[in-house]
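J.: Got a structure for you, written out below as structure tokens; questions coming shortly.
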Amino acid sequence: MAGAAKPIVLTQSTEGLDKAVLKNADGTTAEVYLHGGHVTSWVSGSKKEELLFVSEKAIFKPPKAIRGGIPVCFPQFSDFGPLGQHGFARNQLWAVDTLEESLDGATLTLLLRSGQEELQKWPHKFELRMRVQIATNGNLVVQPSVKNIGIEDFTFTFALHTYFAVSDISNVEVTGVQGLEYLESLVTPRRKEKEERSAVDFKGEVDRIYLNTPDELRIVDRGNRTITLKKTGLPDAIVWNPWIEKAKATADLGDEEYHQFVCVEAAVVGDPVTLQPGQTWTAQQVLSVS
């Protein structure tokens with residue numbers, strides 16, 4: 001195997017931020033920044049395509065969160081709590097916890113532990129790990145876990161805010177949601193409704209929190225590809241596209257970039273997680289493409 005590419009390479013971005021590049025035997029790659037514990041790229045070895053969207057206007061300058069990829073929302077999704085939007089995990093510098101390499105691929109685990117800065121924002125001691133793996137079949141596996149290392153219970157919400165790259169949002173539908181209750185986030189306060197359609201399509205802004213969703217959802221990009229999202233421990237799913245006006249109002253998103261992505265976010269929101277001292281919560285998201 002002399003001269004073979006290493007399954008994991010620790011390097012720096014052009015902006016000087018630490019990141020890891022993972023690669024498996026079929027050429028599938030993933031890129032993970034230590035800033036935010038943030039997956040920014042998943043390139044299929046079979047299709048030779050980038051499957052995650054990152055804005056051309058994304059700001060790679062801490063503590064700003066990176067626009068695109070898979071932001072980690074912890075200990076709060078959106079405004080479901082007293083903290084700022086989506087909590088603080090996506091804004092913090094994580095550490096490399098473990099590296100696992102084999103001829104078939106690579107697994108990286110990053111760690112965010114409650115320090116002085118985190119405790120000032122949220123007075124609970126925790127360890128948050130993100131295990132990122134490229135499987136032998138090219139699937140992207142992300143496994144978050146949260147451990148309570150303090151002496152009191154704490155409660156949190158969580159989401160993997162995944163931005164999927166698409167040919168055009170007009171070609172996209174999200175399946176697996178028919179008959180589900182959802183929270184409509186385009187009204188204040190949010191209103192609970194029921195999804196009657198067999199799939200979500202996009203003819204304007206969409207921002208919905210689907211509750212108690214199936215363990216498998218599909219992002220169908222008609223005439224292009226289908227991405228299957230399988231999840232455990234993440235019962236809810238947010239479907240979001242900002243459309244025209246919100247794209248224009250978002251500084252780190254191009255005016256026309258709403259055409260290029262859809263967010264389908266595996267989450268636990270409707271029934272927040274409570275951990276007693278010493279307890280650990282684990283979840284998993286597996287992405288595959290066909």
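Going through the structure tokens in order, the chains are called A, B, and so on, while each chain numbers its residues from 1 and the ligands are numbered from 1 in the order shown.
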Any idea what's packed within 6 Å of range 46-57 of chain A, counting only C-alpha atoms, ignoring anything in its chain fewer than 6 positions away? Could you give it as a list in words?

T.: Arg67, Gly68, Gly69, Tyr163, Phe164, Ala165, Asp252 and Leu253 of chain A

J.: Using only C-alpha atoms, find each residue of range 95-192 of chain A with at least one atom at most 10 Å away from an atom of range 274-285 of chain A; report its shortest atom-to-atom pair and that distance in Å (one decimal), sort the rows by chain and rising residue number, and return the result as CSV.

T.:
```
residue,atom,partner,partner_atom,distance
A:Lys125,CA,A:Pro277,CA,9.3
A:Phe126,CA,A:Pro277,CA,9.5
A:Glu127,CA,A:Thr280,CA,9.1
A:Leu128,CA,A:Trp281,CA,9.5
A:Arg129,CA,A:Thr282,CA,9.3
A:Met130,CA,A:Gln284,CA,9.7
A:Arg131,CA,A:Gln284,CA,9.2
A:Val132,CA,A:Gln285,CA,9.8
A:Leu140,CA,A:Gln285,CA,8.1
A:Val141,CA,A:Gln285,CA,5.8
A:Val142,CA,A:Gln285,CA,5.2
A:Gln143,CA,A:Gln284,CA,4.4
A:Pro144,CA,A:Ala283,CA,5.6
A:Ser145,CA,A:Thr282,CA,4.2
A:Val146,CA,A:Trp281,CA,5.2
A:Lys147,CA,A:Thr280,CA,4.2
A:Asn148,CA,A:Pro277,CA,5.1
A:Ile149,CA,A:Gly278,CA,5.7
A:Gly150,CA,A:Pro277,CA,5.7
A:Ile151,CA,A:Pro277,CA,5.3
A:Glu152,CA,A:Pro277,CA,5.9
A:Asp153,CA,A:Gln276,CA,4.4
A:Phe154,CA,A:Thr274,CA,5.6
A:Thr155,CA,A:Thr274,CA,4.2
A:Phe156,CA,A:Thr274,CA,6.6
A:Thr157,CA,A:Thr274,CA,9.2
A:Leu160,CA,A:Gln285,CA,8.5
```

J.: Dump C-alpha atoms for the selected residues as a short mmCIF file (atom, residue, chain, number, x, y, z; two decimals), in the first residue's frame?

T.:
```
data_model
loop_
_atom_site.label_atom_id
_atom_site.label_comp_id
_atom_site.auth_asym_id
_atom_site.auth_seq_id
_atom_site.Cartn_x
_atom_site.Cartn_y
_atom_site.Cartn_z
CA LYS A 125 -21.15 20.34 32.74
CA PHE A 126 -21.19 18.15 29.63
CA GLU A 127 -19.16 16.30 27.05
CA LEU A 128 -20.46 16.45 23.47
CA ARG A 129 -18.87 14.09 20.97
CA MET A 130 -19.36 13.90 17.22
CA ARG A 131 -18.21 10.67 15.57
CA VAL A 132 -17.91 11.13 11.81
CA LEU A 140 -21.67 9.33 5.71
CA VAL A 141 -22.33 8.33 9.32
CA VAL A 142 -22.59 10.99 12.03
CA GLN A 143 -23.06 9.89 15.64
CA PRO A 144 -23.52 12.61 18.28
CA SER A 145 -23.42 11.80 21.98
CA VAL A 146 -23.92 13.96 25.06
CA LYS A 147 -22.77 12.97 28.55
CA ASN A 148 -23.75 14.72 31.78
CA ILE A 149 -20.50 15.04 33.75
CA GLY A 150 -22.00 17.37 36.36
CA ILE A 151 -23.94 16.79 39.57
CA GLU A 152 -27.36 18.06 38.43
CA ASP A 153 -29.83 17.05 35.73
CA PHE A 154 -29.91 19.08 32.54
CA THR A 155 -32.25 19.26 29.55
CA PHE A 156 -31.41 20.07 25.95
CA THR A 157 -32.63 20.03 22.36
CA LEU A 160 -27.96 18.19 12.79
#
```

J.: Considering only C-alpha atoms, state which residue in the set A:Trp94, A:Trp122, A:Tyr258, A:Trp243 is at the smallest distance from Val166 in chain A.

T.: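 Ranking A:Trp94, A:Trp122, A:Tyr258, A:Trp243 by distance to Val166 in chain A, first place goes to A:Tyr258.
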
J.: With only C-alpha atoms as the basis for distance, which of A:His86, A:His259, A:Arg208, A:Lys231 is at the shortest distance from Ser167 in chain A?

T.: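 Under the stated criterion, the closest residue is A:His259.
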
J.: So which residues touch Ala251 in chain A within 10 Å, counting only C-alpha atoms, skipping near sequence neighbours fewer than 4 positions away, as a list in words?

T.: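 So, after excluding close chain neighbours, the residues are Lys57, Ala58, Ile59, Lys246, Ala247 and Asp255 of chain A.
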
J.: Include N, CA and C atoms and write out the residues we just selected as a CSV table (one decimal), in the first residue's frame.

T.:
```
chain,number,residue,atom,x,y,z
A,57,LYS,N,-20.5,32.5,0.2
A,57,LYS,CA,-20.4,33.7,1.1
A,57,LYS,C,-20.2,33.2,2.5
A,58,ALA,N,-20.0,31.9,2.8
A,58,ALA,CA,-19.8,31.5,4.1
A,58,ALA,C,-18.6,32.1,4.7
A,59,ILE,N,-18.7,32.5,6.0
A,59,ILE,CA,-17.6,33.2,6.7
A,59,ILE,C,-16.8,32.2,7.6
A,246,LYS,N,-35.7,36.0,2.4
A,246,LYS,CA,-34.7,35.6,3.5
A,246,LYS,C,-33.3,35.4,3.0
A,247,ALA,N,-33.2,34.8,1.8
A,247,ALA,CA,-31.9,34.7,1.2
A,247,ALA,C,-31.2,36.0,1.0
A,255,ASP,N,-27.8,35.8,-2.8
A,255,ASP,CA,-29.2,36.1,-3.1
A,255,ASP,C,-29.9,34.9,-3.9
```

J.: Find the spatial neighbours of Ala20 in chain A, counting only C-alpha atoms, within a cut-off of 10 Å - ignore same-chain residues fewer than 5 positions away - and output them as a list in words.

T.: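 Surrounding residues, per the criterion: Ile8, Val9, Leu10, Thr11, Gln12, Ser13, Ala30, Glu31, Val32, Tyr33, Leu34, Val39, Val96 and Leu108 of chain A.
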
J.: Keeping C-alpha atoms, export the residues of the selection given above as a short mmCIF file (atom, residue, chain, number, x, y, z; two decimals), in the first residue's frame.

T.:
```
data_model
loop_
_atom_site.label_atom_id
_atom_site.label_comp_id
_atom_site.auth_asym_id
_atom_site.auth_seq_id
_atom_site.Cartn_x
_atom_site.Cartn_y
_atom_site.Cartn_z
CA ILE A 8 -7.37 10.78 7.63
CA VAL A 9 -5.31 13.90 7.04
CA LEU A 10 -5.22 16.72 9.59
CA THR A 11 -4.56 19.98 7.79
CA GLN A 12 -5.60 23.64 7.63
CA SER A 13 -8.00 25.51 5.40
CA ALA A 30 -15.53 14.12 3.88
CA GLU A 31 -14.19 17.32 5.40
CA VAL A 32 -14.67 18.23 9.06
CA TYR A 33 -13.68 21.53 10.70
CA LEU A 34 -12.70 21.64 14.36
CA VAL A 39 -18.83 18.64 8.49
CA VAL A 96 -9.80 15.82 18.23
CA LEU A 108 -12.94 10.86 13.41
#
```
